[in-house]
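Data block below; observations after.
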Amino acid sequence: MKMLLVFIASISFLSLSVPAQVSDSVPRLGLSEISQVNQGNSYVTFPADIGNIEPLWFEANIISNFYIRQTRNSKLIGVLTPQIILRMYQEESYPVRTPSYLPQITIYYLLKGKEYANQLSLFGRFAHHSNGQIGSFFDDDGRINLESGNFSTNFLEFGFIATNKNARFNAVQFFKSSFEFHPQAWNADGLNELYHKYRWHSALSIFKLPAKSRVYPRKNADISLKGEATLMFGKPDTREGYPLDRLNLRLTFYYHPVFLEDIGLFVQYYHGSDYYNIYFGNRLDLFRIGLMTEKLRF
């Protein structure tokens, strides 16, 4: 509980914005840039995770976004995303077991706001999460079959993204809140009694990005900080650690040095349920570093 209070206090402090004229160095925003924050970035971790996860050579998150829009300044856009997460284990033959497949389609609508004013965007998403396996969900001894068990779920997510300028840090700030729902009929056999079908997501992202142009190229490093919290509910409520086992927390710091074009370094702390498909029953306390793409282009 102390960790949760510290997390919330830190994010609340960062979100405070002192009324002031916004600096011209803060870049323009459009719905395309707002959607990029919500879609997430590709990354690969170094083989130096600190925590209770199995030894990995790397974890990779591969995200490619395909935009459906009339123009870059459209108030309504669609995004097709064939996301894949995979882990390579430090075992004989370096196995990559049951990658997470997360194809999704997301619709964004800019409800109000202009490029230099506070903005409010709505979004809706349909997504699929599976591991590409066809084996029985349970082993003969009644435990979840992590090697070849079938994991599959489809879900809907609806929410909003509030965008503004943070005068305290002369940065761009995004706050997202959304609700995720996994209908029982859309889950694989065996999953309904063990998997939380309702999830409430909240995230605060702050991007300290200097203005970039042909006349005035970037001279300083880009940095960003993102705090995320997810509260899960529906079904599982008897496992050890309830109710704290319903809470997932993630804090990510990203640093993009001037001498690199498209990638930077990130440091991340994660506490919560394992997000790697059928491994959802594991609880992780994890500190990691790695490389991340800078997909956000102002």
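Every chain in the structure tokens has a letter given in the order shown (A, B, ...), and although residue numbers restart at 1 in each chain, ligands are simply numbered from 1 in the order shown.
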Using only C-alpha atoms, what does the table of stretch 77-121 of chain A residues within 12 Å of stretch 276-282 of chain A look like, with each row giving the shortest atom pair and its distance in Å to one decimal, sorted by chain and ascending number, as a tab-separated table?
```
residue	atom	partner	partner_atom	distance
A:Ile84	CA	A:Tyr276	CA	10.3
A:Ile85	CA	A:Tyr276	CA	7.5
A:Leu86	CA	A:Tyr276	CA	8.2
A:Arg87	CA	A:Tyr276	CA	8.8
A:Arg97	CA	A:Tyr276	CA	10.2
A:Thr98	CA	A:Asn277	CA	7.9
A:Pro99	CA	A:Tyr276	CA	7.6
A:Ser100	CA	A:Asn277	CA	5.6
A:Tyr101	CA	A:Asn277	CA	8.4
A:Leu102	CA	A:Asn277	CA	9.6
```
Residue subset to file, keeping N, CA and C atoms, as a tab-separated table (two decimals), in the first residue's frame:
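Final file, selection.tsv:
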```tsv
chain	number	residue	atom	x	y	z
A	84	ILE	N	2.97	-7.64	-31.50
A	84	ILE	CA	3.49	-8.93	-31.05
A	84	ILE	C	4.47	-8.69	-29.90
A	85	ILE	N	4.34	-9.45	-28.80
A	85	ILE	CA	5.30	-9.44	-27.71
A	85	ILE	C	5.92	-10.83	-27.62
A	86	LEU	N	7.25	-10.90	-27.56
A	86	LEU	CA	7.89	-12.21	-27.46
A	86	LEU	C	9.04	-12.16	-26.46
A	87	ARG	N	9.32	-13.31	-25.87
A	87	ARG	CA	10.40	-13.46	-24.90
A	87	ARG	C	11.31	-14.61	-25.34
A	97	ARG	N	8.88	-19.01	-26.37
A	97	ARG	CA	7.64	-19.74	-26.11
A	97	ARG	C	6.41	-18.84	-26.27
A	98	THR	N	5.44	-19.35	-26.94
A	98	THR	CA	4.09	-18.76	-27.01
A	98	THR	C	4.09	-17.24	-27.03
A	99	PRO	N	4.52	-16.62	-28.12
A	99	PRO	CA	4.46	-15.15	-28.19
A	99	PRO	C	3.04	-14.64	-27.97
A	100	SER	N	2.93	-13.41	-27.52
A	100	SER	CA	1.63	-12.77	-27.38
A	100	SER	C	1.29	-12.06	-28.69
A	101	TYR	N	0.16	-12.45	-29.28
A	101	TYR	CA	-0.33	-11.80	-30.49
A	101	TYR	C	-1.46	-10.86	-30.10
A	102	LEU	N	-1.33	-9.58	-30.47
A	102	LEU	CA	-2.28	-8.55	-30.05
A	102	LEU	C	-2.74	-7.69	-31.22
```
Enumerate the residues of stretch 89-158 of chain A with a DSSP assignment of strand (DSSP E), computed from the backbone, and present them as a ChimeraX atom specification. /A:89,100-112,119-130,152-158
Dump as a compact mmCIF listing (two decimals), in the first residue's frame, selection limited to N, CA and C atoms:
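Output contents, as saved in part_26.txt:
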```
# COMPACT_ATOMS: atom_id res chain seq x y z
N TYR A 89 14.12 -17.08 -23.84
CA TYR A 89 14.55 -17.55 -22.52
C TYR A 89 16.01 -17.98 -22.54
N SER A 100 2.93 -13.41 -27.52
CA SER A 100 1.63 -12.77 -27.38
C SER A 100 1.29 -12.06 -28.69
N TYR A 101 0.16 -12.45 -29.28
CA TYR A 101 -0.33 -11.80 -30.49
C TYR A 101 -1.46 -10.86 -30.10
N LEU A 102 -1.33 -9.58 -30.47
CA LEU A 102 -2.28 -8.55 -30.05
C LEU A 102 -2.74 -7.69 -31.22
N PRO A 103 -3.29 -8.26 -32.27
CA PRO A 103 -3.82 -7.43 -33.36
C PRO A 103 -5.02 -6.63 -32.86
N GLN A 104 -5.14 -5.40 -33.34
CA GLN A 104 -6.21 -4.53 -32.84
C GLN A 104 -6.53 -3.43 -33.86
N ILE A 105 -7.71 -2.91 -33.75
CA ILE A 105 -8.12 -1.75 -34.53
C ILE A 105 -8.69 -0.71 -33.57
N THR A 106 -8.23 0.53 -33.71
CA THR A 106 -8.61 1.61 -32.79
C THR A 106 -9.12 2.80 -33.59
N ILE A 107 -10.21 3.38 -33.14
CA ILE A 107 -10.79 4.57 -33.75
C ILE A 107 -10.62 5.74 -32.78
N TYR A 108 -10.08 6.85 -33.28
CA TYR A 108 -9.89 8.06 -32.48
C TYR A 108 -10.73 9.20 -33.05
N TYR A 109 -11.29 10.01 -32.14
CA TYR A 109 -12.06 11.18 -32.56
C TYR A 109 -11.67 12.36 -31.68
N LEU A 110 -11.27 13.46 -32.31
CA LEU A 110 -10.91 14.68 -31.59
C LEU A 110 -12.18 15.43 -31.25
N LEU A 111 -12.59 15.35 -29.99
CA LEU A 111 -13.86 15.93 -29.58
C LEU A 111 -13.81 17.45 -29.51
N LYS A 112 -12.72 17.98 -28.95
CA LYS A 112 -12.61 19.44 -28.86
C LYS A 112 -11.15 19.82 -28.71
N GLN A 119 -6.99 19.79 -25.34
CA GLN A 119 -7.69 18.91 -26.28
C GLN A 119 -8.29 17.72 -25.53
N LEU A 120 -9.40 17.23 -26.06
CA LEU A 120 -10.03 16.03 -25.51
C LEU A 120 -10.36 15.11 -26.67
N SER A 121 -9.85 13.88 -26.60
CA SER A 121 -10.06 12.90 -27.66
C SER A 121 -10.73 11.66 -27.08
N LEU A 122 -11.60 11.05 -27.88
CA LEU A 122 -12.24 9.80 -27.52
C LEU A 122 -11.68 8.68 -28.37
N PHE A 123 -11.66 7.47 -27.83
CA PHE A 123 -11.21 6.34 -28.63
C PHE A 123 -11.96 5.07 -28.25
N GLY A 124 -12.07 4.18 -29.23
CA GLY A 124 -12.65 2.86 -29.02
C GLY A 124 -11.78 1.83 -29.71
N ARG A 125 -11.66 0.66 -29.11
CA ARG A 125 -10.73 -0.36 -29.63
C ARG A 125 -11.35 -1.75 -29.55
N PHE A 126 -11.12 -2.53 -30.61
CA PHE A 126 -11.39 -3.95 -30.59
C PHE A 126 -10.07 -4.68 -30.76
N ALA A 127 -9.75 -5.61 -29.84
CA ALA A 127 -8.44 -6.26 -29.86
C ALA A 127 -8.58 -7.75 -29.59
N HIS A 128 -7.59 -8.48 -30.05
CA HIS A 128 -7.49 -9.92 -29.84
C HIS A 128 -6.16 -10.21 -29.16
N HIS A 129 -6.18 -11.10 -28.17
CA HIS A 129 -4.95 -11.47 -27.46
C HIS A 129 -4.89 -12.99 -27.40
N SER A 130 -3.84 -13.59 -27.98
CA SER A 130 -3.72 -15.04 -27.97
C SER A 130 -2.25 -15.43 -27.99
N SER A 152 -6.71 -17.46 -25.42
CA SER A 152 -7.31 -16.59 -26.42
C SER A 152 -8.42 -15.78 -25.78
N THR A 153 -8.41 -14.47 -26.03
CA THR A 153 -9.47 -13.60 -25.55
C THR A 153 -9.61 -12.42 -26.50
N ASN A 154 -10.82 -11.94 -26.66
CA ASN A 154 -11.09 -10.72 -27.42
C ASN A 154 -11.70 -9.70 -26.46
N PHE A 155 -11.40 -8.44 -26.69
CA PHE A 155 -11.92 -7.44 -25.76
C PHE A 155 -12.19 -6.12 -26.45
N LEU A 156 -13.01 -5.33 -25.78
CA LEU A 156 -13.34 -3.97 -26.19
C LEU A 156 -12.77 -3.00 -25.17
N GLU A 157 -12.33 -1.84 -25.65
CA GLU A 157 -11.82 -0.81 -24.76
C GLU A 157 -12.33 0.55 -25.23
N PHE A 158 -12.83 1.35 -24.30
CA PHE A 158 -13.34 2.68 -24.60
C PHE A 158 -12.76 3.67 -23.57
```
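For stretch 196-198 of chain A, the non-local neighbours within 7 Å, defined as residues at least 6 positions apart in the same chain or in other chains and counting only C-alpha atoms, are Glu180, Phe181, His182, Pro183, Met232, Phe233, Gly234, Lys235 and Pro236 of chain A.
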Quick one: pull the distance between atom CA of A:Gly159 and atom CA of A:Ala203, Å, one decimal. 11.3 Å
Report, in Å with one decimal, the straight-line distance from atom CA of A:Val172 to atom CA of A:Gly78. 22.8 Å
So that I can check the surroundings of stretch 47-60 of chain A, please list as a PDB file with C-alpha atoms, in the first residue's frame every protein, DNA and RNA residue that reaches within 12 Å of it, counting only C-alpha atoms and ignoring chain neighbours fewer than 5 positions away.
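The resulting file, part.pdb, is reproduced below:
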```
ATOM      1  CA  ASN A  41       6.272   2.120 -28.636  1.00  0.00           C
ATOM      2  CA  SER A  42       8.336  -0.810 -29.852  1.00  0.00           C
ATOM      3  CA  GLN A  83       1.281  -6.002 -32.160  1.00  0.00           C
ATOM      4  CA  ILE A  84       3.487  -8.928 -31.045  1.00  0.00           C
ATOM      5  CA  ILE A  85       5.301  -9.436 -27.707  1.00  0.00           C
ATOM      6  CA  LEU A  86       7.891 -12.208 -27.459  1.00  0.00           C
ATOM      7  CA  ARG A  87      10.403 -13.457 -24.902  1.00  0.00           C
ATOM      8  CA  MET A  88      13.588 -15.437 -25.538  1.00  0.00           C
ATOM      9  CA  TYR A  89      14.546 -17.546 -22.524  1.00  0.00           C
ATOM     10  CA  GLN A  90      18.060 -18.217 -21.282  1.00  0.00           C
ATOM     11  CA  GLU A  91      17.696 -21.949 -21.742  1.00  0.00           C
ATOM     12  CA  GLU A  92      19.063 -24.609 -24.063  1.00  0.00           C
ATOM     13  CA  SER A  93      18.427 -23.695 -27.720  1.00  0.00           C
ATOM     14  CA  TYR A  94      17.189 -20.226 -26.598  1.00  0.00           C
ATOM     15  CA  PRO A  95      13.447 -20.996 -26.867  1.00  0.00           C
ATOM     16  CA  VAL A  96      10.809 -18.374 -27.681  1.00  0.00           C
ATOM     17  CA  ARG A  97       7.637 -19.738 -26.107  1.00  0.00           C
ATOM     18  CA  PRO A  99       4.465 -15.150 -28.186  1.00  0.00           C
ATOM     19  CA  SER A 100       1.630 -12.769 -27.384  1.00  0.00           C
ATOM     20  CA  VAL A 267      14.227   2.359 -17.710  1.00  0.00           C
ATOM     21  CA  GLN A 268      11.078   0.698 -16.433  1.00  0.00           C
ATOM     22  CA  TYR A 269       9.606  -0.647 -13.212  1.00  0.00           C
ATOM     23  CA  TYR A 270       6.604  -2.967 -13.351  1.00  0.00           C
ATOM     24  CA  HIS A 271       4.532  -4.446 -10.513  1.00  0.00           C
ATOM     25  CA  GLY A 272       1.506  -6.591 -11.252  1.00  0.00           C
ATOM     26  CA  SER A 273       0.114  -9.540 -13.171  1.00  0.00           C
ATOM     27  CA  ASP A 274       2.177 -10.947 -16.014  1.00  0.00           C
ATOM     28  CA  TYR A 275       0.877  -9.508 -19.312  1.00  0.00           C
ATOM     29  CA  TYR A 276       2.406 -12.337 -21.397  1.00  0.00           C
ATOM     30  CA  TYR A 279       1.324 -16.472 -17.892  1.00  0.00           C
ATOM     31  CA  ASN A 282       2.190 -14.922 -12.326  1.00  0.00           C
ATOM     32  CA  ARG A 283       2.883 -11.774 -10.300  1.00  0.00           C
ATOM     33  CA  LEU A 284       5.885  -9.726 -11.348  1.00  0.00           C
ATOM     34  CA  ASP A 285       8.087  -7.215  -9.542  1.00  0.00           C
ATOM     35  CA  LEU A 286      10.459  -6.187 -12.273  1.00  0.00           C
ATOM     36  CA  PHE A 287      13.089  -3.555 -13.042  1.00  0.00           C
ATOM     37  CA  ARG A 288      14.503  -3.476 -16.585  1.00  0.00           C
ATOM     38  CA  ILE A 289      16.368  -1.359 -19.140  1.00  0.00           C
ATOM     39  CA  GLY A 290      16.522  -1.517 -22.915  1.00  0.00           C
ATOM     40  CA  LEU A 291      16.111   0.254 -26.255  1.00  0.00           C
ATOM     41  CA  MET A 292      12.889   1.918 -27.396  1.00  0.00           C
ATOM     42  CA  THR A 293      11.835   3.467 -30.684  1.00  0.00           C
TER      43      THR A 293
END
```
Can you pull out the residues contacting A:Val37? Cut-off 12 Å, using only C-alpha atoms, and skip same-chain residues under 6 positions away; I want them as a PyMOL selection string. chain A and resi 29-31+65+161-163+172-176+203-207+224-226+294-298
Rank nothing, just name the residue among A:Phe179, A:Phe66, A:Phe46, A:Phe151 nearest to A:Ser32, using only C-alpha atoms.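 The answer is A:Phe66, which sits nearest to A:Ser32.
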May I ask for the distance between atom CA of A:Arg199 and atom CA of A:Asn61, given in Å to one decimal place? 21.2 Å
Among the residues A:Leu260, A:Ser202, A:Tyr67, A:Leu265, the one that comes closest to A:Asn248 [using only C-alpha atoms]: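 For A:Asn248, the nearest of the given residues is A:Ser202.
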Between A:Gly40, A:Ser35, A:Asn170, A:Arg143, which residue has the minimum interatomic distance to A:Thr252, considering only C-alpha atoms? A:Gly40
Counting only C-alpha atoms, which of A:Ser64, A:Ser136, A:Ser178, A:Gln70 gets nearest to A:Ala229? A:Ser178
Members of stretch 90-245 of chain A assigned helix (DSSP H, G or I) by DSSP, as a ChimeraX atom specification: /A:184-186,244-245
Restricted to C-alpha atoms, what would the selected residues look like written as a PDB file, in the first residue's frame?
```pdb
ATOM      1  CA  GLN A 184     -17.300 -14.307 -21.450  1.00  0.00           C
ATOM      2  CA  ALA A 185     -18.197 -15.779 -24.835  1.00  0.00           C
ATOM      3  CA  TRP A 186     -15.009 -14.324 -26.332  1.00  0.00           C
ATOM      4  CA  LEU A 244      -3.789  -5.844  -3.972  1.00  0.00           C
ATOM      5  CA  ASP A 245      -3.295  -8.472  -6.667  1.00  0.00           C
TER       6      ASP A 245
END
```
